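Asks: Got a structure here, written out as structure tokens. Questions coming.
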Amino acid sequence: MNTKKQSLNLENIYDFINNEEDARICKDIEESACRTTPKNYFLIMISNTLTSLGDTLSNPKTVLAWLMSYVNAPVYLISFIVPIRESGSMLPQIIIGSFVRKKEIRKWIWVMGSVLQFLSISAIGLIAMHFEGTEAGWYMVLCLVAFSLSRGLCSVASKDVLGKTIPKTRRGKLKGYTASVSGVLVLLAGLFMIYKSKEEQDVLFYSYIIFFAGSLWLLAAIVYANIKEFPGETSGGKNGLMEALSKMNLVKTDKPFRKFIISRSLLLCTALTAPYYVLLAQTYLGKESYLLGLFIIANGLASIISAPIWGAMADKSSKNVMVRSGLIAALLGIAFFVIITWMDGLRENYWLYPFAFFLLGIAHSGVRLGRKTYIVDMAGGNKRTDYVAVSNTLIGIILLITGGISALASIFSVEGIILVLSLLGIAGAYTSSRLPEVQ
């Protein structure tokens with residue numbers, strides 16, 4: 001009786017937040033899957049919220065870089081962690097996708113990947129406590145490689161499980177609510193770091209943060225394992241690297257998909273420009289530790305405010321979300337370039353950088369929600385898995401190439417790099433506007 005009442009309450013909450021007054025929408029999923037949608041909706045939301053917070057507390061641009069510097073790892077190893085984290089999870093996905101296609105039930109791929117991420121991140125905390133210098137640096141990089149590969153398993157499987165369990169026109173809102181709840185937790189994490197910045201911290205403090213971050217992936221795996229997923233199609237799950245690589249022909253033969261890849265590549269500006277805003281803040285305001293907390297809070301607030309709005313908009317037109325969010329990031333970058341180059345007084349105001357980071361967070365949230373919703377909605381079945389695997393593999397290659405842009409910082413000004421990336425963002429907004437509607 002209690003179980004039934006709890007289930008009923010869960011269904012009522014689901015119907016309320018999705019404005020379903022009469023019959024439940026079951027667009028693009030089986031009738032049997034639709035009956036378990038409310039429970040799956042909240043299980044996916046909780047598990048993704050946990051991993052999102054884990055990502056923040058083990059961010060290579062902040063916490064991991066800080067931790068590696070504490071153990072005196074060489075700078076050249078620290079410079080590897082961002083491209084490894086991002087590209088390492090994407091490059092193998094064309095092979096991972098071939099493996100996933102052979103599984104009728106695919107949630108266990110996600111669970112396995114999440115457990116492996118827990119082990120990888122926790123190992124980094126242990127290494128920091130027992131090793132120093134180059135030795136510690138290499139061990140951490142190897143753990144990050146393992147983490148990224150595990151992340152790739154989750155990335156491919158999550159899109160497919162989402163497409164099988166949550167109906168079309170509800171997926172964007174789910175991602176929006178997840179990002180919003182994650183934003184609240186990130187906000188609390190930022191406040192905690194600002195509070196702790198009053199005290200002088202040692203390597204144990206940051207190791208404990210890493211341990212906590214790792215445990216979130218383990219909790220997420222436990223939650224995700226309870227999702228009710230029905231068997232799906234397994235056609236096309238042949239063995240071998242050649243079968244996986246043959247899927248790259250999608251870029252040639254599928255024009256809408258090719259246009260999506262181009263747009264997504266150009267819109268990488270929202271992610272690539274973020275560290276340069278932080279670098280400019282350090283240049284003009286100094287390297288006070290409270291700045292790290294302010295940037296974390298700004299990013300958390302951006303998710304809280306914008307994600308539900310972007311999510312609802314993505315269910316109506318995900319391509320328009322990509323256009324608008326891309327333009328926000330691009331225009332912000334151009335304005336920031338003007339301020340840094342010609343407005344000496346304004347560029348030394350401490351509020352400028354967290355506020356700009358807040359606007360960039362809004363834009364990045366929109367780009368992520370827009371392109372994730374778009375690719376899930378533009379295909380079904382194994383084609384969806386192929387789209388995710390091929391697009392992520394190509395983006396991984398492009399990230400490795402564009403990751404070298406950091407080397408340009410020694411030749412060009414940091415604000416100049418922001419300008420160049422922002423111009424690419426305008427191009428990405430234009431190409432996104434030319435994409436076909438999929439909702």
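Going by the structure tokens order, chains are called A, B, ..., each with residues numbered from 1, while ligands are numbered from 1 in the order shown.
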Identify all residues of stretch 137-230 of chain A in alpha helix (DSSP H) (DSSP on the backbone) and supply them as an NGL selection string.

Replies: :A and (137-165 or 171-196 or 203-224)

Asks: Set the distance at 8 Å and use only C-alpha atoms: which residues neighbour stretch 313-327 of chain A once local chain neighbours fewer than 5 positions away are removed? I'd like the list as a PyMOL selection string.

Replies: chain A and resi 168-173+267+270+362-367+369-371+373-374+425-426+428-430+432-433+435-439

Asks: Out of A:Phe192, A:Phe358, A:Tyr208, A:Trp351, which residue has the shortest atom-to-atom distance to A:Asn299 when counting only C-alpha atoms?

Replies: A:Phe358

Asks: Quick one: everything within 7 Å of A:Asn72, counting only C-alpha atoms, minus sequence neighbours fewer than 4 positions away in the same chain. Send it as a list in words.

Replies: Met68, Glu132 and Gly133 of chain A

Asks: Can you spit out the residues from that selection as a PDB file, in the first residue's frame, using N, CA and C atoms?

Replies:
ATOM      1  N   MET A  68      47.333  19.084  -8.027  1.00  0.00           N
ATOM      2  CA  MET A  68      48.599  18.682  -8.640  1.00  0.00           C
ATOM      3  C   MET A  68      49.715  19.670  -8.311  1.00  0.00           C
ATOM      4  N   GLU A 132      54.660  12.528  -4.413  1.00  0.00           N
ATOM      5  CA  GLU A 132      54.947  13.927  -4.732  1.00  0.00           C
ATOM      6  C   GLU A 132      55.663  14.024  -6.069  1.00  0.00           C
ATOM      7  N   GLY A 133      55.718  15.272  -6.568  1.00  0.00           N
ATOM      8  CA  GLY A 133      56.514  15.569  -7.752  1.00  0.00           C
ATOM      9  C   GLY A 133      56.051  14.874  -9.021  1.00  0.00           C
TER      10      GLY A 133
END

Asks: Between atom CA of A:Ala271 and atom CA of A:Ile121, what distance in Å does the model show, to one decimal?

Replies: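 Interatomic distance here is 22.0 Å.
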
Asks: Go ahead and compute the interatomic distance for atom CA of A:Asn59 and atom CA of A:Trp310, in Å to one decimal.

Replies: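 Computing the Euclidean distance for atom CA of A:Asn59 and atom CA of A:Trp310 yields 23.5 Å.
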
Asks: Neighbours of A:Lys159 within 8 Å (only C-alpha atoms; same-chain residues fewer than 2 positions away dropped), as a PyMOL selection string?

Replies: chain A and resi 155-157+161-163+376+384-385+388

Asks: At a cut-off of 6 Å, using only C-alpha atoms, what residues contact stretch 277-294 of chain A? Leave out same-chain residues fewer than 5 positions from it and give the result as a list of chain:residue names.

Replies: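 Near neighbours after the sequence-gap exclusion: A:Gly190, A:Met193, A:Ile194, A:Glu348.
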
Asks: Quick one: of A:Asp377, A:Asp344, A:Glu229, A:Asp254, who's nearest to A:Ile44, counting only C-alpha atoms?

Replies: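 Checking each candidate against A:Ile44, we get A:Glu229 as the closest.
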